[in-house]
>>> print(open('run36.json').read())   # JSON, C-alpha atoms
[["chain", "number", "residue", "atom", "x", "y", "z"],
["H", 440, "MET", "CA", 247.74, 144.43, 366.03],
["H", 441, "SER", "CA", 245.06, 144.04, 363.40],
["H", 442, "ARG", "CA", 244.62, 146.51, 360.60],
["H", 443, "GLY", "CA", 241.34, 148.13, 359.72],
["H", 444, "THR", "CA", 239.61, 147.33, 363.00],
["H", 445, "THR", "CA", 236.61, 149.58, 363.50],
["H", 446, "VAL", "CA", 233.78, 150.01, 365.96],
["H", 447, "VAL", "CA", 230.29, 151.40, 365.52],
["H", 448, "LYS", "CA", 229.63, 154.32, 367.85],
["H", 449, "ARG", "CA", 226.19, 155.67, 368.64],
["H", 450, "HIS", "CA", 225.68, 159.40, 369.06],
["H", 451, "TYR", "CA", 222.62, 161.22, 370.37],
["H", 452, "ARG", "CA", 221.18, 164.69, 369.98],
["H", 453, "LEU", "CA", 217.99, 166.47, 370.89],
["H", 454, "ARG", "CA", 215.34, 166.39, 368.19],
["H", 455, "GLU", "CA", 214.61, 169.73, 366.54],
["H", 456, "ASP", "CA", 211.15, 169.99, 368.10],
["H", 457, "ILE", "CA", 212.37, 169.43, 371.68],
["H", 458, "ARG", "CA", 212.91, 172.16, 374.24],
["H", 459, "PHE", "CA", 213.94, 171.62, 377.81],
["H", 460, "ARG", "CA", 214.42, 173.85, 380.78],
["H", 461, "VAL", "CA", 216.14, 173.06, 384.03],
["H", 462, "VAL", "CA", 214.16, 174.04, 387.11],
["H", 463, "GLY", "CA", 216.20, 173.49, 390.26],
["H", 464, "ASP", "CA", 217.85, 170.12, 389.75],
["H", 465, "GLU", "CA", 215.09, 168.71, 387.54],
["H", 466, "ALA", "CA", 214.07, 169.40, 383.95],
["H", 467, "VAL", "CA", 210.86, 169.89, 382.03],
["H", 468, "VAL", "CA", 210.97, 168.60, 378.45],
["H", 469, "LEU", "CA", 208.51, 169.95, 375.89],
["H", 470, "GLN", "CA", 207.89, 168.26, 372.56],
["H", 471, "LEU", "CA", 206.57, 171.04, 370.34],
["H", 472, "ALA", "CA", 205.16, 168.81, 367.59],
["H", 473, "GLY", "CA", 203.03, 166.68, 369.90],
["H", 474, "SER", "CA", 202.57, 169.14, 372.75],
["H", 475, "GLN", "CA", 203.91, 166.46, 375.10],
["H", 476, "VAL", "CA", 205.50, 167.47, 378.41],
["H", 477, "MET", "CA", 207.86, 165.24, 380.39],
["H", 478, "GLY", "CA", 209.53, 165.76, 383.76],
["H", 479, "LEU", "CA", 213.01, 164.43, 384.47],
["H", 480, "ASN", "CA", 214.61, 163.64, 387.80],
["H", 481, "PRO", "CA", 218.08, 165.06, 388.59],
["H", 482, "THR", "CA", 219.94, 162.14, 386.98],
["H", 483, "GLY", "CA", 217.83, 162.28, 383.82],
["H", 484, "THR", "CA", 218.35, 166.03, 383.72],
["H", 485, "ARG", "CA", 222.12, 165.60, 383.97],
["H", 486, "ILE", "CA", 222.13, 163.03, 381.15],
["H", 487, "LEU", "CA", 220.14, 165.36, 378.91],
["H", 488, "GLU", "CA", 222.49, 168.26, 379.72],
["H", 489, "LEU", "CA", 225.47, 166.10, 378.76],
["H", 490, "VAL", "CA", 223.79, 165.00, 375.51],
["H", 491, "GLU", "CA", 223.09, 168.64, 374.67],
["H", 492, "ALA", "CA", 226.75, 169.44, 375.38],
["H", 493, "GLY", "CA", 227.70, 166.88, 372.73],
["H", 494, "GLN", "CA", 229.06, 164.15, 374.98],
["H", 495, "LYS", "CA", 229.14, 160.61, 373.64],
["H", 496, "PRO", "CA", 227.47, 157.86, 375.70],
["H", 497, "GLU", "CA", 230.78, 156.54, 377.03],
["H", 498, "ASP", "CA", 231.69, 160.07, 378.18],
["H", 499, "ILE", "CA", 228.31, 160.45, 379.86],
["H", 500, "VAL", "CA", 228.89, 157.18, 381.71],
["H", 501, "GLU", "CA", 232.34, 158.32, 382.82],
["H", 502, "THR", "CA", 231.02, 161.70, 383.99],
["H", 503, "LEU", "CA", 228.11, 160.20, 385.94],
["H", 504, "THR", "CA", 230.30, 157.50, 387.45],
["H", 505, "LEU", "CA", 232.64, 160.18, 388.79],
["H", 506, "GLU", "CA", 229.83, 162.49, 389.94],
["H", 507, "THR", "CA", 227.82, 159.79, 391.69],
["H", 508, "GLU", "CA", 230.66, 157.44, 392.66],
["H", 509, "GLY", "CA", 228.49, 154.70, 391.18],
["H", 510, "ASP", "CA", 229.47, 151.30, 389.81],
["H", 511, "PRO", "CA", 230.60, 151.90, 386.19],
["H", 512, "GLU", "CA", 228.75, 148.86, 384.81],
["H", 513, "THR", "CA", 225.51, 149.79, 386.56],
["H", 514, "VAL", "CA", 225.82, 153.41, 385.39],
["H", 515, "ARG", "CA", 226.50, 152.22, 381.81],
["H", 516, "LYS", "CA", 223.40, 150.00, 381.77],
["H", 517, "ASP", "CA", 221.22, 152.75, 383.25],
["H", 518, "VAL", "CA", 222.49, 155.39, 380.81],
["H", 519, "GLU", "CA", 222.00, 153.09, 377.81],
["H", 520, "ALA", "CA", 218.46, 152.23, 378.91],
["H", 521, "PHE", "CA", 217.57, 155.88, 379.53],
["H", 522, "LEU", "CA", 218.97, 157.03, 376.16],
["H", 523, "ALA", "CA", 217.02, 154.25, 374.41],
["H", 524, "GLU", "CA", 213.86, 155.36, 376.22],
["H", 525, "LEU", "CA", 214.39, 158.97, 375.11],
["H", 526, "VAL", "CA", 214.80, 157.81, 371.51],
["H", 527, "GLU", "CA", 211.58, 155.79, 371.82],
["H", 528, "GLN", "CA", 209.80, 158.85, 373.29],
["H", 529, "ALA", "CA", 211.06, 160.94, 370.31],
["H", 530, "VAL", "CA", 213.11, 163.24, 372.56],
["H", 531, "LEU", "CA", 216.47, 162.20, 371.09],
["H", 532, "GLU", "CA", 217.72, 161.17, 367.68],
["H", 533, "ALA", "CA", 220.36, 158.47, 367.45],
["H", 534, "THR", "CA", 222.96, 158.27, 364.72],
["H", 535, "GLU", "CA", 225.78, 155.83, 364.22],
["H", 536, "SER", "CA", 229.29, 156.29, 362.93],
["H", 537, "VAL", "CA", 232.08, 153.86, 362.17],
["H", 538, "GLU", "CA", 235.32, 154.83, 363.86],
["H", 539, "PRO", "CA", 238.75, 153.23, 364.11],
["H", 540, "ALA", "CA", 239.09, 151.02, 367.16],
["H", 541, "VAL", "CA", 241.48, 152.25, 369.82],
["H", 542, "LEU", "CA", 243.66, 149.39, 370.93],
["H", 543, "GLU", "CA", 245.10, 149.71, 374.41],
["H", 544, "THR", "CA", 248.66, 148.59, 374.89],
["H", 545, "GLU", "CA", 250.42, 147.85, 378.13],
["H", 546, "VAL", "CA", 253.48, 149.89, 379.01]]
>>> encode(input="run36.json", output="structure tokens")
Amino acid sequence: MSRGTTVVKRHYRLREDIRFRVVGDEAVVLQLAGSQVMGLNPTGTRILELVEAGQKPEDIVETLTLETEGDPETVRKDVEAFLAELVEQAVLEATESVEPAVLETEV
């Protein structure tokens, strides 16, 4: 076991000027500063709901994998790409933190 092992974790949150409302199983996102409106499909809506609830990306992947019975690696890639797109579109802010690595041990 190595000492001092850390990992960089990325966290996301809605930007201050973003409002979104769920309509049915889809969402409408409004960027107040730029008066931009964006529509999200049900999966995008669910990801945004989970971000707003404070879930970390790995938790979002786990939740969506369970809810959709999807392939975990495919879900992870799709979630990462969508979160990056929302950062690029100025819907989300990304921050990073350094956390101790959790080492799994076999029992």
>>> residues_near_point(input="run36.json", point="(210.2, 164.4, 375.4)", cutoff="6 Å", atoms="all atoms listed in the file", output="VMD selection string")
chain H and resid 468 to 470 477 528 530
>>> residues_around(input="run36.json", residues="Leu479 of chain H", least_positions_apart="6", cutoff="12 Å", atoms="only C-alpha atoms", output="JSON, numbers by chain")
{"H": [459, 460, 461, 462, 463, 464, 465, 466, 467, 468, 469, 485, 486, 487, 488, 521, 525, 530]}
>>> closest_residue(input="run36.json", among="H:Leu505, H:Val541, H:Ile457, H:Ala492", to="Val476 of chain H", atoms="only C-alpha atoms")
H:Ile457
>>> closest_residue(input="run36.json", among="H:Glu455, H:Val447, H:Arg515, H:Gly483", to="Leu471 of chain H", atoms="only C-alpha atoms")
H:Glu455
>>> closest_residue(input="run36.json", among="H:Lys495, H:Lys516, H:Arg458, H:Arg449", to="Glu535 of chain H", atoms="all atoms listed in the file")
H:Arg449
>>> atom_distance(input="run36.json", atom1="atom CA of Arg452 of chain H", atom2="atom CA of Leu531 of chain H")
5.4 Å
>>> atom_distance(input="run36.json", atom1="atom CA of Glu538 of chain H", atom2="atom CA of Asp510 of chain H")
26.8 Å
>>> atom_distance(input="run36.json", atom1="atom CA of Gly509 of chain H", atom2="atom CA of Pro481 of chain H")
14.9 Å
>>> axis_aligned_box(input="run36.json", around="segment 511-522 of chain H", padding_each_side="5 Å", output="lines of an AutoDock Vina configuration file")
center_x = 224.1
center_y = 152.9
center_z = 381.4
size_x = 23.0
size_y = 18.2
size_z = 20.4
>>> closest_residue(input="run36.json", among="H:Val446, H:Val514, H:Leu489, H:Leu522", to="Ala540 of chain H", atoms="only C-alpha atoms")
H:Val446
>>> residues_near_point(input="run36.json", point="(228.8, 156.9, 377.2)", cutoff="12 Å", atoms="all atoms listed in the file", output="VMD selection string")
chain H and resid 448 to 451 486 489 to 490 493 to 504 511 to 512 514 to 522
>>> write_last_selection(input="run36.json", atoms="C-alpha atoms", output="PDB file, keeping the file's coordinate frame")
ATOM      1  CA  LYS H 448     229.630 154.320 367.850  1.00  0.00           C
ATOM      2  CA  ARG H 449     226.190 155.670 368.640  1.00  0.00           C
ATOM      3  CA  HIS H 450     225.680 159.400 369.060  1.00  0.00           C
ATOM      4  CA  TYR H 451     222.620 161.220 370.370  1.00  0.00           C
ATOM      5  CA  ILE H 486     222.130 163.030 381.150  1.00  0.00           C
ATOM      6  CA  LEU H 489     225.470 166.100 378.760  1.00  0.00           C
ATOM      7  CA  VAL H 490     223.790 165.000 375.510  1.00  0.00           C
ATOM      8  CA  GLY H 493     227.700 166.880 372.730  1.00  0.00           C
ATOM      9  CA  GLN H 494     229.060 164.150 374.980  1.00  0.00           C
ATOM     10  CA  LYS H 495     229.140 160.610 373.640  1.00  0.00           C
ATOM     11  CA  PRO H 496     227.470 157.860 375.700  1.00  0.00           C
ATOM     12  CA  GLU H 497     230.780 156.540 377.030  1.00  0.00           C
ATOM     13  CA  ASP H 498     231.690 160.070 378.180  1.00  0.00           C
ATOM     14  CA  ILE H 499     228.310 160.450 379.860  1.00  0.00           C
ATOM     15  CA  VAL H 500     228.890 157.180 381.710  1.00  0.00           C
ATOM     16  CA  GLU H 501     232.340 158.320 382.820  1.00  0.00           C
ATOM     17  CA  THR H 502     231.020 161.700 383.990  1.00  0.00           C
ATOM     18  CA  LEU H 503     228.110 160.200 385.940  1.00  0.00           C
ATOM     19  CA  THR H 504     230.300 157.500 387.450  1.00  0.00           C
ATOM     20  CA  PRO H 511     230.600 151.900 386.190  1.00  0.00           C
ATOM     21  CA  GLU H 512     228.750 148.860 384.810  1.00  0.00           C
ATOM     22  CA  VAL H 514     225.820 153.410 385.390  1.00  0.00           C
ATOM     23  CA  ARG H 515     226.500 152.220 381.810  1.00  0.00           C
ATOM     24  CA  LYS H 516     223.400 150.000 381.770  1.00  0.00           C
ATOM     25  CA  ASP H 517     221.220 152.750 383.250  1.00  0.00           C
ATOM     26  CA  VAL H 518     222.490 155.390 380.810  1.00  0.00           C
ATOM     27  CA  GLU H 519     222.000 153.090 377.810  1.00  0.00           C
ATOM     28  CA  ALA H 520     218.460 152.230 378.910  1.00  0.00           C
ATOM     29  CA  PHE H 521     217.570 155.880 379.530  1.00  0.00           C
ATOM     30  CA  LEU H 522     218.970 157.030 376.160  1.00  0.00           C
TER      31      LEU H 522
END
>>> closest_residue(input="run36.json", among="H:Thr445, H:Thr482, H:Glu506, H:Arg454", to="Thr534 of chain H", atoms="all atoms listed in the file")
H:Arg454
>>> closest_residue(input="run36.json", among="H:Thr507, H:Thr513, H:Asn480, H:Gln475", to="Ala529 of chain H", atoms="only C-alpha atoms")
H:Gln475
>>> build_atoms(input="run36.json", residues="segment 513-533 of chain H", atoms="N, CA and C atoms", output="mmCIF file, in the frame of the given file")
data_model
loop_
_atom_site.group_PDB
_atom_site.id
_atom_site.type_symbol
_atom_site.label_atom_id
_atom_site.label_comp_id
_atom_site.auth_asym_id
_atom_site.auth_seq_id
_atom_site.Cartn_x
_atom_site.Cartn_y
_atom_site.Cartn_z
ATOM 1 N N THR H 513 226.893 149.431 386.265
ATOM 2 C CA THR H 513 225.510 149.790 386.560
ATOM 3 C C THR H 513 225.152 151.122 385.909
ATOM 4 N N VAL H 514 226.051 152.098 386.009
ATOM 5 C CA VAL H 514 225.820 153.410 385.390
ATOM 6 C C VAL H 514 225.681 153.238 383.881
ATOM 7 N N ARG H 515 226.554 152.434 383.267
ATOM 8 C CA ARG H 515 226.500 152.220 381.810
ATOM 9 C C ARG H 515 225.141 151.651 381.396
ATOM 10 N N LYS H 516 224.688 150.623 382.104
ATOM 11 C CA LYS H 516 223.400 150.000 381.770
ATOM 12 C C LYS H 516 222.255 150.992 381.935
ATOM 13 N N ASP H 517 222.279 151.772 383.010
ATOM 14 C CA ASP H 517 221.220 152.750 383.250
ATOM 15 C C ASP H 517 221.217 153.851 382.197
ATOM 16 N N VAL H 518 222.398 154.340 381.833
ATOM 17 C CA VAL H 518 222.490 155.390 380.810
ATOM 18 C C VAL H 518 221.999 154.860 379.474
ATOM 19 N N GLU H 519 222.441 153.677 379.083
ATOM 20 C CA GLU H 519 222.000 153.090 377.810
ATOM 21 C C GLU H 519 220.489 152.916 377.771
ATOM 22 N N ALA H 520 219.913 152.428 378.858
ATOM 23 C CA ALA H 520 218.460 152.230 378.910
ATOM 24 C C ALA H 520 217.721 153.555 378.834
ATOM 25 N N PHE H 521 218.227 154.577 379.537
ATOM 26 C CA PHE H 521 217.570 155.880 379.530
ATOM 27 C C PHE H 521 217.664 156.528 378.152
ATOM 28 N N LEU H 522 218.828 156.457 377.504
ATOM 29 C CA LEU H 522 218.970 157.030 376.160
ATOM 30 C C LEU H 522 218.042 156.319 375.176
ATOM 31 N N ALA H 523 217.935 154.995 375.280
ATOM 32 C CA ALA H 523 217.020 154.250 374.410
ATOM 33 C C ALA H 523 215.578 154.676 374.643
ATOM 34 N N GLU H 524 215.211 154.908 375.900
ATOM 35 C CA GLU H 524 213.860 155.360 376.220
ATOM 36 C C GLU H 524 213.581 156.737 375.618
ATOM 37 N N LEU H 525 214.568 157.631 375.684
ATOM 38 C CA LEU H 525 214.390 158.970 375.110
ATOM 39 C C LEU H 525 214.282 158.934 373.596
ATOM 40 N N VAL H 526 214.953 157.984 372.957
ATOM 41 C CA VAL H 526 214.800 157.810 371.510
ATOM 42 C C VAL H 526 213.389 157.318 371.219
ATOM 43 N N GLU H 527 212.926 156.338 371.994
ATOM 44 C CA GLU H 527 211.580 155.790 371.820
ATOM 45 C C GLU H 527 210.512 156.864 372.042
ATOM 46 N N GLN H 528 210.745 157.773 372.988
ATOM 47 C CA GLN H 528 209.800 158.850 373.290
ATOM 48 C C GLN H 528 209.944 160.039 372.334
ATOM 49 N N ALA H 529 210.817 159.908 371.321
ATOM 50 C CA ALA H 529 211.060 160.940 370.310
ATOM 51 C C ALA H 529 211.616 162.236 370.914
ATOM 52 N N VAL H 530 212.420 162.096 371.969
ATOM 53 C CA VAL H 530 213.110 163.240 372.560
ATOM 54 C C VAL H 530 214.499 163.371 371.934
ATOM 55 N N LEU H 531 215.135 162.229 371.680
ATOM 56 C CA LEU H 531 216.470 162.200 371.090
ATOM 57 C C LEU H 531 216.463 161.515 369.742
ATOM 58 N N GLU H 532 217.436 161.876 368.921
ATOM 59 C CA GLU H 532 217.720 161.170 367.680
ATOM 60 C C GLU H 532 219.040 160.451 367.871
ATOM 61 N N ALA H 533 219.122 159.238 367.374
ATOM 62 C CA ALA H 533 220.360 158.470 367.450
ATOM 63 C C ALA H 533 220.947 158.322 366.063
#
